[in-house]
Amino acid sequence: MVRNHAKRMRRIATAVIGGAFAVSLLASCTTTAPGGGGGGDGAAGGVGKTVEQAQKDGYLRVAIANEPPYTQVNTDGTVTGAEPDILRAVLKTMKVDDIEGVTTPYESMIPGLNAGRWDVVAAGLFMKQSRCDAVAYSEPVIVSTESFGVPVGNPKNITTVQDVLDNPDLKIAVLTGGFEEGILKTAKVPQGQQVLVKDARSGMEAVTAKRADAFLLPTLSLNDLVKSDASIEVTEPIEDAPKTGSGAAFRKEDTELRDEYNKALAEFKKTDEFREILEKWGFDPDAVEGVTAEELCKNEG
Ligand code: 6CS
């Protein structure tokens with residue numbers, strides 16, 4: 001298994017989700033049993049990961065969304081984007097050689113983690129109370145903003161969550177189970193104003209097909225999406241949206257691994273490489289300075 005590892009880690013297992021737990025692996029080249037380390041016992045959930053196990057396996061399985069610049073799957077199947085690149089670099093300092101990616105929607109990331117289908121989530125999974133109750137987050141690596149994707153010219157003049165509350169005719173697309181759905185719920189935006197979509201591409205389509213007046217998503221994700229859709233523009237960061245921050249999410253039973261990761265992350269944050277990775281993907285490395293998981297975990301929802 002170790003012999004084949006270099007080859008395997010260059011590939012990605014693509015998960016197609018029919019529901020929170022309905023994961024099937026396509027084009028998978030992994031021999032890792034869910035729940036255990038390489039060659040583990042296959043018990044879903046329950047089986048923790050230690051640093052030693054991860055070092056022995058040579059990799060961690062990571063859930064991502066394929067939503068640049070947070071996460072991206074290259075044409076050759078390798079996993080990149082700001083969060084996986086930071087994860088990979090920090091794990092290297094812990095003598096864990098690489099990561100193996102699984103793409104999955106945001107709503108399935110925590111159920112899949114706790115069911116042992118992957119070992120860590122590094123996808124820009126923004127911290128909030130319910131998520132922090134369910135996983136052991138590292139300290140944050142990214143602090144970013146939310147925006148609306150709107151038709152060019154912003155005909156309905158949507159720039160804040162309050163604008164949505166003030167006009168009951170407005171319909172806003174959000175990813176099912178995504179942080180943005182939580183923003184609307186917390187603000188008590190009626191369900192009839194929410195258009196749930198399965199992925200970012202569908203959110204853009206909802207706006208172009210006029211099923212929604214805006215698509216609420218992180219600013220930088222929208223900036224990436226509009227590169228291939230000139231009919232949509234991105235608003236300035238939303239002033240009345242909560243602070244979004246993310247880091248790696250581990251299982252609660254893997255708190256020891258999370259603690260070791262946090263130590264390595266604290267050192268890595270002092271390096272130029274940390275800044276370079278975030279800047280390469282368009283994030284401001286200074287935005288995370290002084291921000292803690294404890295603070296971000298107070299976000300409602
Ligand atoms: O944490 C989330 O749920 C959100 N994170 C990102 C990077 N994009 C959309 C998603 O809803």
# chains A, B, ... in the order shown; residues from 1 in each chain; ligands from 1
$ select_by_dssp --residues "region 77-296 of chain A" --states "alpha helix (DSSP H)" --output "ChimeraX atom specification"
/A:82-93,106-114,129-134,161-166,179-186,200-208,219-225,255-268,272-280,293-296
$ select_by_dssp --residues "region 26-256 of chain A" --states "strand (DSSP E or B)" --output "VMD selection string"
chain A and resid 26 59 to 64 72 to 73 79 to 80 98 to 103 120 to 121 136 to 137 142 to 144 146 to 151 172 to 175 194 to 197 214 to 218 232 to 234 244 to 246 249 to 250
$ residues_around --residues "Glu273 (chain A)" --least-positions-apart "6" --cutoff "10 Å" --atoms "only C-alpha atoms" --output "PyMOL selection string"
chain A and resi 86+89+279
$ write_last_selection --atoms "N, CA, C and O atoms" --output "PDB file, in the first residue's frame"
ATOM      1  N   ILE A  86      -2.981  24.824   2.538  1.00  0.00           N
ATOM      2  CA  ILE A  86      -2.505  25.066   3.915  1.00  0.00           C
ATOM      3  C   ILE A  86      -2.455  23.736   4.678  1.00  0.00           C
ATOM      4  O   ILE A  86      -1.469  23.426   5.359  1.00  0.00           O
ATOM      5  N   ALA A  89       0.524  21.690   3.637  1.00  0.00           N
ATOM      6  CA  ALA A  89       1.796  22.258   4.102  1.00  0.00           C
ATOM      7  C   ALA A  89       1.981  22.041   5.604  1.00  0.00           C
ATOM      8  O   ALA A  89       3.087  21.726   6.057  1.00  0.00           O
ATOM      9  N   GLU A 279      -2.259  34.497  -0.273  1.00  0.00           N
ATOM     10  CA  GLU A 279      -2.239  35.555  -1.302  1.00  0.00           C
ATOM     11  C   GLU A 279      -2.383  34.971  -2.706  1.00  0.00           C
ATOM     12  O   GLU A 279      -3.066  35.552  -3.546  1.00  0.00           O
TER      13      GLU A 279
END
$ atom_distance --atom1 "atom 7 (C, counted along the ligand's line) of ligand 1" --atom2 "CA of Ile64 (chain A)"
9.5 Å
$ closest_atom_pairs --of "chain A" --to "ligand 1" --cutoff "10 Å" --atoms "only C-alpha atoms and all ligand atoms" --output "CSV"
residue,atom,partner,partner_atom_place_in_ligand_line,distance
A:Ile64,CA,ligand 1,7 (C),9.5
A:Ala65,CA,ligand 1,7 (C),8.1
A:Asn66,CA,ligand 1,7 (C),9.4
A:Glu67,CA,ligand 1,7 (C),6.8
A:Pro68,CA,ligand 1,7 (C),8.3
A:Pro69,CA,ligand 1,7 (C),8.3
A:Tyr70,CA,ligand 1,7 (C),5.7
A:Thr71,CA,ligand 1,7 (C),7.9
A:Glu83,CA,ligand 1,7 (C),9.5
A:Pro105,CA,ligand 1,10 (C),8.6
A:Tyr106,CA,ligand 1,3 (O),5.4
A:Glu107,CA,ligand 1,3 (O),7.3
A:Met109,CA,ligand 1,3 (O),9.4
A:Ala122,CA,ligand 1,7 (C),9.7
A:Ala123,CA,ligand 1,7 (C),6.2
A:Gly124,CA,ligand 1,7 (C),4.1
A:Leu125,CA,ligand 1,1 (O),3.5
A:Phe126,CA,ligand 1,1 (O),3.9
A:Met127,CA,ligand 1,1 (O),7.1
A:Lys128,CA,ligand 1,1 (O),8.9
A:Arg131,CA,ligand 1,1 (O),9.5
A:Ile142,CA,ligand 1,7 (C),9.7
A:Ser144,CA,ligand 1,7 (C),9.0
A:Thr145,CA,ligand 1,7 (C),9.7
A:Glu146,CA,ligand 1,8 (N),9.0
A:Val174,CA,ligand 1,11 (O),7.4
A:Leu175,CA,ligand 1,11 (O),5.6
A:Thr176,CA,ligand 1,11 (O),7.7
A:Gly177,CA,ligand 1,3 (O),6.7
A:Gly178,CA,ligand 1,11 (O),3.4
A:Phe179,CA,ligand 1,3 (O),3.7
A:Glu180,CA,ligand 1,11 (O),5.5
A:Glu181,CA,ligand 1,11 (O),7.4
A:Gly182,CA,ligand 1,3 (O),8.5
A:Ile183,CA,ligand 1,11 (O),9.9
A:Asp199,CA,ligand 1,9 (C),8.7
A:Ala200,CA,ligand 1,9 (C),7.9
A:Leu216,CA,ligand 1,9 (C),8.6
A:Leu217,CA,ligand 1,9 (C),5.6
A:Pro218,CA,ligand 1,8 (N),5.7
A:Thr219,CA,ligand 1,8 (N),9.3
A:Leu220,CA,ligand 1,7 (C),8.8
A:Ser221,CA,ligand 1,8 (N),7.0
A:Leu222,CA,ligand 1,8 (N),9.4
A:Thr244,CA,ligand 1,1 (O),8.0
A:Gly245,CA,ligand 1,1 (O),8.5
A:Ser246,CA,ligand 1,1 (O),7.6
$ write_last_selection --atoms "C-alpha atoms" --output "PDB file, in the first residue's frame"
ATOM      1  CA  ILE A  64     -13.460  19.445  -0.152  1.00  0.00           C
ATOM      2  CA  ALA A  65     -16.152  21.141  -2.250  1.00  0.00           C
ATOM      3  CA  ASN A  66     -14.339  22.129  -5.450  1.00  0.00           C
ATOM      4  CA  GLU A  67     -15.263  25.792  -4.954  1.00  0.00           C
ATOM      5  CA  PRO A  68     -12.249  27.947  -5.887  1.00  0.00           C
ATOM      6  CA  PRO A  69     -10.464  29.705  -4.358  1.00  0.00           C
ATOM      7  CA  TYR A  70     -11.275  27.806  -1.144  1.00  0.00           C
ATOM      8  CA  THR A  71     -10.933  24.366  -2.765  1.00  0.00           C
ATOM      9  CA  GLU A  83      -7.540  25.375   2.482  1.00  0.00           C
ATOM     10  CA  PRO A 105     -21.379  19.121  -0.774  1.00  0.00           C
ATOM     11  CA  TYR A 106     -20.997  21.275   2.324  1.00  0.00           C
ATOM     12  CA  GLU A 107     -24.058  19.725   3.960  1.00  0.00           C
ATOM     13  CA  MET A 109     -19.013  17.212   5.143  1.00  0.00           C
ATOM     14  CA  ALA A 122     -10.594  21.575   4.750  1.00  0.00           C
ATOM     15  CA  ALA A 123     -13.099  23.302   2.509  1.00  0.00           C
ATOM     16  CA  GLY A 124     -13.795  26.742   3.907  1.00  0.00           C
ATOM     17  CA  LEU A 125     -16.408  25.177   6.185  1.00  0.00           C
ATOM     18  CA  PHE A 126     -17.264  28.321   8.122  1.00  0.00           C
ATOM     19  CA  MET A 127     -17.439  28.009  11.889  1.00  0.00           C
ATOM     20  CA  LYS A 128     -20.722  28.428  13.714  1.00  0.00           C
ATOM     21  CA  ARG A 131     -20.826  22.912  13.482  1.00  0.00           C
ATOM     22  CA  ILE A 142      -9.089  32.003   6.493  1.00  0.00           C
ATOM     23  CA  SER A 144     -13.289  36.139   4.422  1.00  0.00           C
ATOM     24  CA  THR A 145     -16.478  37.888   3.336  1.00  0.00           C
ATOM     25  CA  GLU A 146     -19.859  37.167   1.775  1.00  0.00           C
ATOM     26  CA  VAL A 174     -28.249  29.629  -1.176  1.00  0.00           C
ATOM     27  CA  LEU A 175     -26.530  26.239  -1.007  1.00  0.00           C
ATOM     28  CA  THR A 176     -28.566  23.641   0.907  1.00  0.00           C
ATOM     29  CA  GLY A 177     -27.027  23.298   4.349  1.00  0.00           C
ATOM     30  CA  GLY A 178     -24.466  25.990   3.592  1.00  0.00           C
ATOM     31  CA  PHE A 179     -23.419  28.764   5.950  1.00  0.00           C
ATOM     32  CA  GLU A 180     -25.402  31.230   3.850  1.00  0.00           C
ATOM     33  CA  GLU A 181     -28.649  29.319   4.372  1.00  0.00           C
ATOM     34  CA  GLY A 182     -27.907  29.786   8.081  1.00  0.00           C
ATOM     35  CA  ILE A 183     -27.390  33.526   7.578  1.00  0.00           C
ATOM     36  CA  ASP A 199     -23.995  23.603  -5.860  1.00  0.00           C
ATOM     37  CA  ALA A 200     -22.446  26.909  -6.894  1.00  0.00           C
ATOM     38  CA  LEU A 216     -25.494  34.555  -1.617  1.00  0.00           C
ATOM     39  CA  LEU A 217     -21.987  33.045  -1.444  1.00  0.00           C
ATOM     40  CA  PRO A 218     -18.462  34.021  -0.341  1.00  0.00           C
ATOM     41  CA  THR A 219     -17.184  37.048  -2.283  1.00  0.00           C
ATOM     42  CA  LEU A 220     -14.146  35.276  -3.693  1.00  0.00           C
ATOM     43  CA  SER A 221     -16.131  32.208  -4.786  1.00  0.00           C
ATOM     44  CA  LEU A 222     -18.499  34.492  -6.695  1.00  0.00           C
ATOM     45  CA  THR A 244     -16.856  33.993   8.188  1.00  0.00           C
ATOM     46  CA  GLY A 245     -13.852  32.001   9.262  1.00  0.00           C
ATOM     47  CA  SER A 246     -12.698  28.485   8.586  1.00  0.00           C
TER      48      SER A 246
END
$ atom_distance --atom1 "CA of Ala266 (chain A)" --atom2 "CA of Phe283 (chain A)"
18.1 Å
$ closest_residue --among "A:Gly48, A:Gly112, A:Gly149, A:Gly77" --to "Arg201 (chain A)" --atoms "only C-alpha atoms"
A:Gly149
$ atom_distance --atom1 "CA of Ala136 (chain A)" --atom2 "CA of Leu296 (chain A)"
13.0 Å
$ closest_residue --among "A:Met204, A:Gln194, A:Val143, A:Val234" --to "Thr292 (chain A)" --atoms "only C-alpha atoms"
A:Val143
$ closest_residue --among "A:Val152, A:Cys132, A:Met94, A:Val226" --to "Phe268 (chain A)" --atoms "only C-alpha atoms"
A:Met94
$ residues_around --residues "region 284-288 of chain A" --least-positions-apart "2" --cutoff "7 Å" --atoms "only C-alpha atoms" --output "list in words"
Pro140, Val141, Ile142, Val143, Arg275, Leu278, Glu279, Gly282, Gly290 and Val291 of chain A
$ residues_around --residues "Glu260 (chain A)" --least-positions-apart "5" --cutoff "12 Å" --atoms "only C-alpha atoms" --output "list in words"
Lys49, Thr50, Val51, Glu52, Ala54, Val90, Leu91, Thr93, Met94, Lys95, Val96, Ser138, Glu139, Phe250, Asp254, Thr255, Leu265, Ala266 and Glu267 of chain A
$ write_last_selection --atoms "N, CA, C and O atoms" --output "mmCIF file, in the first residue's frame"
data_model
loop_
_atom_site.group_PDB
_atom_site.id
_atom_site.type_symbol
_atom_site.label_atom_id
_atom_site.label_comp_id
_atom_site.auth_asym_id
_atom_site.auth_seq_id
_atom_site.Cartn_x
_atom_site.Cartn_y
_atom_site.Cartn_z
ATOM 1 N N LYS A 49 -8.159 8.843 14.688
ATOM 2 C CA LYS A 49 -6.877 8.946 13.971
ATOM 3 C C LYS A 49 -5.892 9.613 14.894
ATOM 4 O O LYS A 49 -6.190 10.648 15.487
ATOM 5 N N THR A 50 -4.724 9.045 14.968
ATOM 6 C CA THR A 50 -3.668 9.702 15.721
ATOM 7 C C THR A 50 -2.636 10.223 14.728
ATOM 8 O O THR A 50 -2.634 9.818 13.566
ATOM 9 N N VAL A 51 -1.759 11.090 15.229
ATOM 10 C CA VAL A 51 -0.688 11.590 14.360
ATOM 11 C C VAL A 51 0.163 10.415 13.869
ATOM 12 O O VAL A 51 0.533 10.342 12.701
ATOM 13 N N GLU A 52 0.416 9.473 14.784
ATOM 14 C CA GLU A 52 1.262 8.326 14.423
ATOM 15 C C GLU A 52 0.632 7.508 13.289
ATOM 16 O O GLU A 52 1.315 7.109 12.346
ATOM 17 N N ALA A 54 -1.515 8.600 11.067
ATOM 18 C CA ALA A 54 -1.487 9.398 9.844
ATOM 19 C C ALA A 54 -0.093 9.361 9.222
ATOM 20 O O ALA A 54 0.059 9.251 8.002
ATOM 21 N N VAL A 90 0.901 22.198 6.367
ATOM 22 C CA VAL A 90 1.018 22.007 7.823
ATOM 23 C C VAL A 90 1.268 20.531 8.127
ATOM 24 O O VAL A 90 2.127 20.191 8.959
ATOM 25 N N LEU A 91 0.544 19.637 7.444
ATOM 26 C CA LEU A 91 0.734 18.197 7.685
ATOM 27 C C LEU A 91 2.158 17.776 7.355
ATOM 28 O O LEU A 91 2.731 16.920 8.032
ATOM 29 N N THR A 93 4.802 19.444 7.846
ATOM 30 C CA THR A 93 5.660 19.747 8.996
ATOM 31 C C THR A 93 5.439 18.736 10.122
ATOM 32 O O THR A 93 6.249 18.628 11.024
ATOM 33 N N MET A 94 4.305 18.019 10.058
ATOM 34 C CA MET A 94 4.017 16.980 11.059
ATOM 35 C C MET A 94 4.427 15.599 10.546
ATOM 36 O O MET A 94 4.067 14.587 11.126
ATOM 37 N N LYS A 95 5.136 15.603 9.403
ATOM 38 C CA LYS A 95 5.614 14.356 8.785
ATOM 39 C C LYS A 95 4.482 13.459 8.269
ATOM 40 O O LYS A 95 4.586 12.236 8.234
ATOM 41 N N VAL A 96 3.390 14.088 7.896
ATOM 42 C CA VAL A 96 2.324 13.379 7.160
ATOM 43 C C VAL A 96 2.445 13.883 5.730
ATOM 44 O O VAL A 96 2.258 15.069 5.458
ATOM 45 N N SER A 138 -9.795 23.274 14.030
ATOM 46 C CA SER A 138 -8.494 23.892 14.307
ATOM 47 C C SER A 138 -8.726 25.390 14.495
ATOM 48 O O SER A 138 -9.844 25.877 14.291
ATOM 49 N N GLU A 139 -7.689 26.103 14.823
ATOM 50 C CA GLU A 139 -7.780 27.569 14.782
ATOM 51 C C GLU A 139 -7.989 27.983 13.318
ATOM 52 O O GLU A 139 -7.636 27.238 12.402
ATOM 53 N N PHE A 250 -11.815 18.383 12.434
ATOM 54 C CA PHE A 250 -11.520 16.987 12.752
ATOM 55 C C PHE A 250 -12.675 16.387 13.554
ATOM 56 O O PHE A 250 -13.501 17.126 14.097
ATOM 57 N N ASP A 254 -10.921 12.836 17.654
ATOM 58 C CA ASP A 254 -9.548 13.051 17.182
ATOM 59 C C ASP A 254 -8.985 14.381 17.685
ATOM 60 O O ASP A 254 -8.155 15.015 17.031
ATOM 61 N N THR A 255 -9.430 14.769 18.864
ATOM 62 C CA THR A 255 -8.997 16.053 19.422
ATOM 63 C C THR A 255 -7.474 16.109 19.597
ATOM 64 O O THR A 255 -6.852 17.148 19.414
ATOM 65 N N LEU A 265 0.179 24.394 13.108
ATOM 66 C CA LEU A 265 -0.423 25.524 12.385
ATOM 67 C C LEU A 265 0.069 26.863 12.951
ATOM 68 O O LEU A 265 0.372 27.793 12.192
ATOM 69 N N ALA A 266 0.159 26.936 14.270
ATOM 70 C CA ALA A 266 0.617 28.185 14.898
ATOM 71 C C ALA A 266 2.019 28.537 14.403
ATOM 72 O O ALA A 266 2.319 29.706 14.122
ATOM 73 N N GLU A 267 2.871 27.520 14.277
ATOM 74 C CA GLU A 267 4.228 27.763 13.752
ATOM 75 C C GLU A 267 4.172 28.158 12.276
ATOM 76 O O GLU A 267 4.847 29.088 11.843
#
$ closest_residue --among "A:Tyr261, A:Arg251, A:Lys270, A:Ser147" --to "Asp133 (chain A)" --atoms "only C-alpha atoms"
A:Arg251
$ residues_around --residues "Asp119 (chain A)" --least-positions-apart "3" --cutoff "7 Å" --atoms "only C-alpha atoms" --output "VMD selection string"
chain A and resid 60 to 62 113 116 250
$ write_last_selection --atoms "all heavy atoms" --output "PDB file, in the first residue's frame"
ATOM      1  N   LEU A  60      -3.803  11.956   4.904  1.00  0.00           N
ATOM      2  CA  LEU A  60      -5.141  12.053   5.501  1.00  0.00           C
ATOM      3  C   LEU A  60      -6.139  12.215   4.365  1.00  0.00           C
ATOM      4  O   LEU A  60      -5.842  12.853   3.359  1.00  0.00           O
ATOM      5  CB  LEU A  60      -5.241  13.264   6.434  1.00  0.00           C
ATOM      6  CG  LEU A  60      -4.613  13.185   7.821  1.00  0.00           C
ATOM      7  CD1 LEU A  60      -4.963  14.441   8.612  1.00  0.00           C
ATOM      8  CD2 LEU A  60      -5.057  11.950   8.590  1.00  0.00           C
ATOM      9  N   ARG A  61      -7.323  11.671   4.543  1.00  0.00           N
ATOM     10  CA  ARG A  61      -8.391  11.865   3.555  1.00  0.00           C
ATOM     11  C   ARG A  61      -9.142  13.137   3.912  1.00  0.00           C
ATOM     12  O   ARG A  61      -9.590  13.310   5.049  1.00  0.00           O
ATOM     13  CB  ARG A  61      -9.353  10.680   3.576  1.00  0.00           C
ATOM     14  CG  ARG A  61      -8.704   9.353   3.158  1.00  0.00           C
ATOM     15  CD  ARG A  61      -9.539   8.179   3.606  1.00  0.00           C
ATOM     16  NE  ARG A  61      -9.772   8.239   5.047  1.00  0.00           N
ATOM     17  CZ  ARG A  61     -10.689   7.539   5.685  1.00  0.00           C
ATOM     18  NH1 ARG A  61     -11.492   6.752   5.029  1.00  0.00           N
ATOM     19  NH2 ARG A  61     -10.822   7.647   6.986  1.00  0.00           N
ATOM     20  N   VAL A  62      -9.280  14.000   2.932  1.00  0.00           N
ATOM     21  CA  VAL A  62      -9.851  15.322   3.208  1.00  0.00           C
ATOM     22  C   VAL A  62     -11.086  15.572   2.335  1.00  0.00           C
ATOM     23  O   VAL A  62     -11.077  15.300   1.138  1.00  0.00           O
ATOM     24  CB  VAL A  62      -8.782  16.431   2.993  1.00  0.00           C
ATOM     25  CG1 VAL A  62      -8.146  16.366   1.635  1.00  0.00           C
ATOM     26  CG2 VAL A  62      -9.370  17.815   3.222  1.00  0.00           C
ATOM     27  N   LEU A 113     -17.593  13.085   7.841  1.00  0.00           N
ATOM     28  CA  LEU A 113     -16.433  13.071   8.749  1.00  0.00           C
ATOM     29  C   LEU A 113     -16.726  12.162   9.943  1.00  0.00           C
ATOM     30  O   LEU A 113     -15.937  11.284  10.280  1.00  0.00           O
ATOM     31  CB  LEU A 113     -16.145  14.507   9.225  1.00  0.00           C
ATOM     32  CG  LEU A 113     -15.029  14.671  10.246  1.00  0.00           C
ATOM     33  CD1 LEU A 113     -13.652  14.459   9.592  1.00  0.00           C
ATOM     34  CD2 LEU A 113     -15.078  16.065  10.895  1.00  0.00           C
ATOM     35  N   GLY A 116     -16.681   8.542   9.450  1.00  0.00           N
ATOM     36  CA  GLY A 116     -15.379   7.945   9.135  1.00  0.00           C
ATOM     37  C   GLY A 116     -15.060   7.879   7.659  1.00  0.00           C
ATOM     38  O   GLY A 116     -14.163   7.149   7.248  1.00  0.00           O
ATOM     39  N   PHE A 250     -11.815  18.383  12.434  1.00  0.00           N
ATOM     40  CA  PHE A 250     -11.520  16.987  12.752  1.00  0.00           C
ATOM     41  C   PHE A 250     -12.675  16.387  13.554  1.00  0.00           C
ATOM     42  O   PHE A 250     -13.501  17.126  14.097  1.00  0.00           O
ATOM     43  CB  PHE A 250     -10.230  16.891  13.591  1.00  0.00           C
ATOM     44  CG  PHE A 250      -8.994  17.397  12.892  1.00  0.00           C
ATOM     45  CD1 PHE A 250      -8.624  18.745  12.978  1.00  0.00           C
ATOM     46  CD2 PHE A 250      -8.200  16.539  12.145  1.00  0.00           C
ATOM     47  CE1 PHE A 250      -7.491  19.221  12.330  1.00  0.00           C
ATOM     48  CE2 PHE A 250      -7.060  17.006  11.498  1.00  0.00           C
ATOM     49  CZ  PHE A 250      -6.701  18.346  11.589  1.00  0.00           C
TER      50      PHE A 250
END
